[in-house]
Amino acid sequence: MKNTITVDSRFSYPLATLQQIARDILHHAKQAGATACETNVSDGFGQTVTVRQDAVETIEYNRDKGLSVTVYIGQQRGNASTSDFSQQAIRDTVAAALSIARYTSEDDCAGLAETELLATESMELDLYHPWTLSVEQAIERARSCEQAAYAADPRISNSEGASISVGESQFIYANSQGFIGGYPLSRHSISCSMIAEQNDSKQRDYWYSVARAEADLDSPEFIGKKAGMRSAARLGARKIATCEVPVLFEAPVAASLIGHFVSAVSGSNLYRKSTFLPNSMGQRIFAPAITIQELPHVRKGLASCAFDDDGVATVARNIVDNGIVQGYFLGSYSARKLGMRTTGNAGGAHNLIMQTSAPLDFQSLLKQMGTGLLVTELMGQGVNAVTGDYSRGASGFWVERGEIAFPVEEITIAGNLKEIFQGILAIGNDVIVRGSRQCGSVLINRMTVAGS
């Protein structure tokens with residue numbers, strides 16, 4: 001059934017008001033001498049309720065609004081922002097941006113996106129689903145979540161809390177080339193973190209779900225049970241001896257591997273030459289069976305959008321095909337710095353899916369690995385963006401003959417991202433959608449595991 005709640009009733013301002021503010025900004029900028037201008041005006045709110053040990057720990061509610069103005073005087077650029085939507089504040093913010101622009105050096109790559117690349121067609125991506133959840137209802141759901149976690153295993157001894165979050169926002173982007181567009185968005189979540197105890201050992205783990213619509217979230221009971229079971233499963237964790245073995249990244253942490261690739265082939269790192277993958281277009285960077293698609297128009301997608309932060313129309317494309325890099329992630333500015341064309345990625349990537357033609361279920365991945373390490377949590381930021389050297393703290397489970405043997409902790413996994421990407425043996429079908437990067441569990445042929 002279609003939601004009958006009107007968008008305007010949820011926000012401090014109607015979307016039409018944000019559109020008018022954007023038009024006013026463009027008008028003031030032109031009158032004050034700007035040769036070009038772009039602006040983003042937004043309004044939103046959020047509510048988060050957290051329950052810990054059956055008691056309400058926090059109730060948070062926020063309303064946010066803001067606008068940013070970027071002006072150009074030729075190829076001199078200035079930017080200013082404010083949270084005040086009054087006419088005087090708008091004039092002052094435009095004046096401040098112009099003042100900054102007059103003191104900056106010319107940049108031959110500065111400027112708005114090319115007019116012919118701007119989005120011209122409206123697109124309904126079903127990104128806004130209001131959740132009319134009262135504080136009392138949120139408390140009840142959070143309690144149900146935590147209770148399910150306690151019931152999952154008798155060794156669950158404590159809680160770090162169960163949270164229910166509602167988030168809704170709307171925005172307008174406009175520029176002096178005649179583009180104006182925007183829409184409302186929603187992002188809701190349920191999370192739970194628990195502590196298990198046995199003898200003198202304590203372990204914690206968590207689980208969460210994120211979606212545009214409340215109906216697409218996992219139930220509070222499922223999330224609580226999952227958090228409790230994962231916490232209890234880590235009890236009795238051991239250290240292991242240093243070795244070189246296959247490593248299986250569980251789906252929730254495997255998505256971080258896509259993130260390292262995206263960073264390496266993003267415009268700012270490419271033109272600064274701070275990447276371990278320079279000139280990688282057309283090169284085989286991944287194992288031959290690997291494909292990465294960018295799908296910006298997925299309905300209800302957590303990173304779906306009709307246009308990027310420059311107003312450029314987004315398009316579906318293959319980023320990696322049979323292991324070979326087919327595209328970078330470029331906004332208008334970085335594209336000009338590289339002598340290339342924008343890919344519609346100002347502001348980031350949109351719904352990246354890493355997969356193979358024959359994904360395996362989780363048990364089949366364990367069997368293919370045989371003996372090795374299943375990683376379920378990563379810690380630290382030990383990744384060198386220039387060399388690709390990878391070293392991160394980890395915990396998970398030791399696997400023998402395709403079966404989980406025991407939990408492990410206080411280990412480090414290490415390798416080089418080039419070798420890791422080339423060494424992908426298989427990808428699972430256990431995809432968990434939590435953000436812009438999605439894939440199942442990923443099996444790597446060999447990494448160094450540093451233990452005792």
# chains A, B, ... in the order shown; residues from 1 in each chain; ligands from 1
>>> closest_atom_pairs(of="segment 173-284 of chain A", to="segment 408-427 of chain A", cutoff="9 Å", atoms="only C-alpha atoms", output="tab-separated table")
residue	atom	partner	partner_atom	distance
A:Arg234	CA	A:Val408	CA	7.7
A:Gly236	CA	A:Val408	CA	8.2
A:Ala237	CA	A:Val408	CA	4.5
A:Arg238	CA	A:Val408	CA	4.6
A:Lys239	CA	A:Val408	CA	5.6
A:Ile240	CA	A:Val408	CA	7.1
A:Thr242	CA	A:Ile411	CA	8.6
A:Val247	CA	A:Ile413	CA	8.7
A:Leu257	CA	A:Phe421	CA	8.3
A:His260	CA	A:Leu417	CA	8.2
A:Phe261	CA	A:Leu417	CA	8.4
A:Phe276	CA	A:Lys418	CA	8.2
A:Leu277	CA	A:Lys418	CA	8.4
A:Arg284	CA	A:Gln422	CA	8.4
>>> write_last_selection(atoms="N, CA and C atoms", output="PDB file, in the first residue's frame")
ATOM      1  N   ARG A 234      32.247 -16.542  19.867  1.00  0.00           N
ATOM      2  CA  ARG A 234      33.640 -16.104  19.970  1.00  0.00           C
ATOM      3  C   ARG A 234      34.297 -16.493  21.290  1.00  0.00           C
ATOM      4  N   GLY A 236      36.162 -18.508  24.115  1.00  0.00           N
ATOM      5  CA  GLY A 236      37.226 -19.501  23.999  1.00  0.00           C
ATOM      6  C   GLY A 236      38.185 -19.212  22.872  1.00  0.00           C
ATOM      7  N   ALA A 237      38.232 -17.957  22.410  1.00  0.00           N
ATOM      8  CA  ALA A 237      39.126 -17.608  21.308  1.00  0.00           C
ATOM      9  C   ALA A 237      40.582 -17.815  21.700  1.00  0.00           C
ATOM     10  N   ARG A 238      41.376 -18.289  20.733  1.00  0.00           N
ATOM     11  CA  ARG A 238      42.787 -18.571  20.975  1.00  0.00           C
ATOM     12  C   ARG A 238      43.662 -17.767  20.024  1.00  0.00           C
ATOM     13  N   LYS A 239      44.927 -17.728  20.363  1.00  0.00           N
ATOM     14  CA  LYS A 239      45.918 -17.249  19.421  1.00  0.00           C
ATOM     15  C   LYS A 239      46.371 -18.438  18.575  1.00  0.00           C
ATOM     16  N   ILE A 240      46.887 -18.143  17.387  1.00  0.00           N
ATOM     17  CA  ILE A 240      47.428 -19.196  16.546  1.00  0.00           C
ATOM     18  C   ILE A 240      48.840 -18.818  16.131  1.00  0.00           C
ATOM     19  N   THR A 242      51.996 -18.056  13.661  1.00  0.00           N
ATOM     20  CA  THR A 242      52.129 -17.356  12.390  1.00  0.00           C
ATOM     21  C   THR A 242      52.181 -18.362  11.245  1.00  0.00           C
ATOM     22  N   VAL A 247      42.539 -17.209   3.227  1.00  0.00           N
ATOM     23  CA  VAL A 247      41.747 -16.384   4.137  1.00  0.00           C
ATOM     24  C   VAL A 247      40.381 -16.129   3.504  1.00  0.00           C
ATOM     25  N   LEU A 257      37.201  -4.563   0.990  1.00  0.00           N
ATOM     26  CA  LEU A 257      38.158  -4.758  -0.098  1.00  0.00           C
ATOM     27  C   LEU A 257      37.758  -3.926  -1.312  1.00  0.00           C
ATOM     28  N   HIS A 260      38.881  -0.317  -0.792  1.00  0.00           N
ATOM     29  CA  HIS A 260      40.295  -0.030  -1.066  1.00  0.00           C
ATOM     30  C   HIS A 260      40.523   0.145  -2.574  1.00  0.00           C
ATOM     31  N   PHE A 261      39.826  -0.662  -3.374  1.00  0.00           N
ATOM     32  CA  PHE A 261      39.941  -0.518  -4.824  1.00  0.00           C
ATOM     33  C   PHE A 261      39.373   0.816  -5.283  1.00  0.00           C
ATOM     34  N   PHE A 276      48.231   2.968  -5.441  1.00  0.00           N
ATOM     35  CA  PHE A 276      49.004   1.796  -5.855  1.00  0.00           C
ATOM     36  C   PHE A 276      48.500   1.250  -7.196  1.00  0.00           C
ATOM     37  N   LEU A 277      47.488   1.916  -7.785  1.00  0.00           N
ATOM     38  CA  LEU A 277      46.957   1.470  -9.079  1.00  0.00           C
ATOM     39  C   LEU A 277      46.970   2.600 -10.109  1.00  0.00           C
ATOM     40  N   ARG A 284      44.566  -5.917 -16.054  1.00  0.00           N
ATOM     41  CA  ARG A 284      43.932  -6.954 -15.254  1.00  0.00           C
ATOM     42  C   ARG A 284      44.413  -6.817 -13.807  1.00  0.00           C
TER      43      ARG A 284
END
>>> residues_around(residues="segment 308-317 of chain A", least_positions_apart="3", cutoff="7 Å", atoms="only C-alpha atoms", output="number ranges by chain")
A: 113, 117-119, 293-296, 305, 344-347
>>> residues_around(residues="segment 204-221 of chain A", least_positions_apart="5", cutoff="8 Å", atoms="only C-alpha atoms", output="VMD selection string")
chain A and resid 127 to 131 141 to 142 144 to 149 185 to 196 226 to 228 230 to 232 234 300 to 302 433 to 435
>>> closest_residue(among="A:Leu365, A:Ile292, A:Val51, A:Ala97", to="Glu140 of chain A", atoms="only C-alpha atoms")
A:Val51
>>> residues_around(residues="Arg437 of chain A", least_positions_apart="2", cutoff="9 Å", atoms="only C-alpha atoms", output="list in words")
Ala255, Ser256, Ile258, Gly259, Ala303, Ala349, His350, Asn351, Leu352, Ile353, Met354, Val433, Arg434, Gly435 and Cys439 of chain A
>>> write_last_selection(atoms="C-alpha atoms", output="compact mmCIF listing (two decimals), in the first residue's frame")
# COMPACT_ATOMS: atom_id res chain seq x y z
CA ALA A 255 33.02 -5.14 1.28
CA SER A 256 36.02 -3.22 2.66
CA ILE A 258 35.97 -2.99 -2.68
CA GLY A 259 36.50 0.22 -0.73
CA ALA A 303 23.63 4.62 -2.70
CA ALA A 349 30.37 5.56 -5.89
CA HIS A 350 26.82 4.29 -6.36
CA ASN A 351 25.82 0.71 -5.48
CA LEU A 352 28.92 -1.28 -6.37
CA ILE A 353 28.37 -5.03 -6.73
CA MET A 354 31.37 -7.38 -6.83
CA VAL A 433 23.33 -4.87 1.77
CA ARG A 434 24.44 -2.18 4.21
CA GLY A 435 25.84 0.59 2.04
CA CYS A 439 29.53 -8.54 -2.17
>>> closest_residue(among="A:Thr104, A:Asn158, A:Gln75, A:Asn322", to="Gln53 of chain A", atoms="only C-alpha atoms")
A:Asn158
>>> closest_residue(among="A:Thr291, A:Ser83, A:Thr120, A:Asn384", to="Ser274 of chain A", atoms="only C-alpha atoms")
A:Asn384
>>> atom_distance(atom1="atom CA of Ser263 of chain A", atom2="atom CA of Phe329 of chain A")
8.7 Å
>>> residues_around(residues="Arg23 of chain A", least_positions_apart="5", cutoff="10 Å", atoms="only C-alpha atoms", output="ChimeraX atom specification")
/A:17-18,28-29,38-39,174-176,178,180
>>> write_last_selection(atoms="N, CA and C atoms", output="short mmCIF file (atom, residue, chain, number, x, y, z; two decimals), in the first residue's frame")
data_model
loop_
_atom_site.label_atom_id
_atom_site.label_comp_id
_atom_site.auth_asym_id
_atom_site.auth_seq_id
_atom_site.Cartn_x
_atom_site.Cartn_y
_atom_site.Cartn_z
N THR A 17 10.31 25.29 -0.85
CA THR A 17 11.04 26.38 -0.18
C THR A 17 12.53 26.24 -0.40
N LEU A 18 13.04 25.00 -0.33
CA LEU A 18 14.47 24.77 -0.60
C LEU A 18 14.81 25.15 -2.04
N HIS A 28 21.48 36.06 -6.29
CA HIS A 28 22.38 36.97 -5.55
C HIS A 28 23.81 36.85 -6.05
N ALA A 29 24.24 35.62 -6.33
CA ALA A 29 25.61 35.42 -6.80
C ALA A 29 25.83 36.11 -8.15
N GLU A 38 27.04 27.40 -7.85
CA GLU A 38 26.30 26.18 -7.55
C GLU A 38 26.01 26.16 -6.06
N THR A 39 24.92 25.49 -5.69
CA THR A 39 24.52 25.47 -4.29
C THR A 39 23.82 24.17 -3.93
N ALA A 174 21.44 23.00 -7.20
CA ALA A 174 21.16 23.86 -8.35
C ALA A 174 22.43 24.56 -8.78
N ASN A 175 22.52 24.88 -10.08
CA ASN A 175 23.66 25.67 -10.55
C ASN A 175 23.21 26.67 -11.60
N SER A 176 24.11 27.55 -11.95
CA SER A 176 23.77 28.67 -12.83
C SER A 176 23.68 28.28 -14.30
N GLY A 178 21.35 26.35 -15.19
CA GLY A 178 19.93 26.05 -15.33
C GLY A 178 19.50 24.75 -14.69
N ILE A 180 18.42 22.32 -11.72
CA ILE A 180 17.91 22.30 -10.35
C ILE A 180 17.22 20.95 -10.14
#
>>> select_by_dssp(residues="segment 248-415 of chain A", states="strand (DSSP E)", output="number ranges by chain")
A: 248-249, 291-294, 317-321, 324-325, 352-355, 372-379, 389-400, 403-415
>>> atom_distance(atom1="atom CA of Thr275 of chain A", atom2="atom CA of Ala385 of chain A")
5.4 Å
>>> select_by_dssp(residues="segment 207-439 of chain A", states="helix (DSSP H, G or I)", output="ChimeraX atom specification")
/A:214-216,220-233,251-264,267-272,332-337,362-369,417-422
>>> atom_distance(atom1="atom CA of Val71 of chain A", atom2="atom CA of Val262 of chain A")
29.0 Å
>>> closest_residue(among="A:Cys37, A:Ile21, A:Ala16, A:Val375", to="Ala251 of chain A", atoms="only C-alpha atoms")
A:Val375
>>> residues_around(residues="Leu235 of chain A", least_positions_apart="3", cutoff="7 Å", atoms="only C-alpha atoms", output="PyMOL selection string")
chain A and resi 198+201-203+232
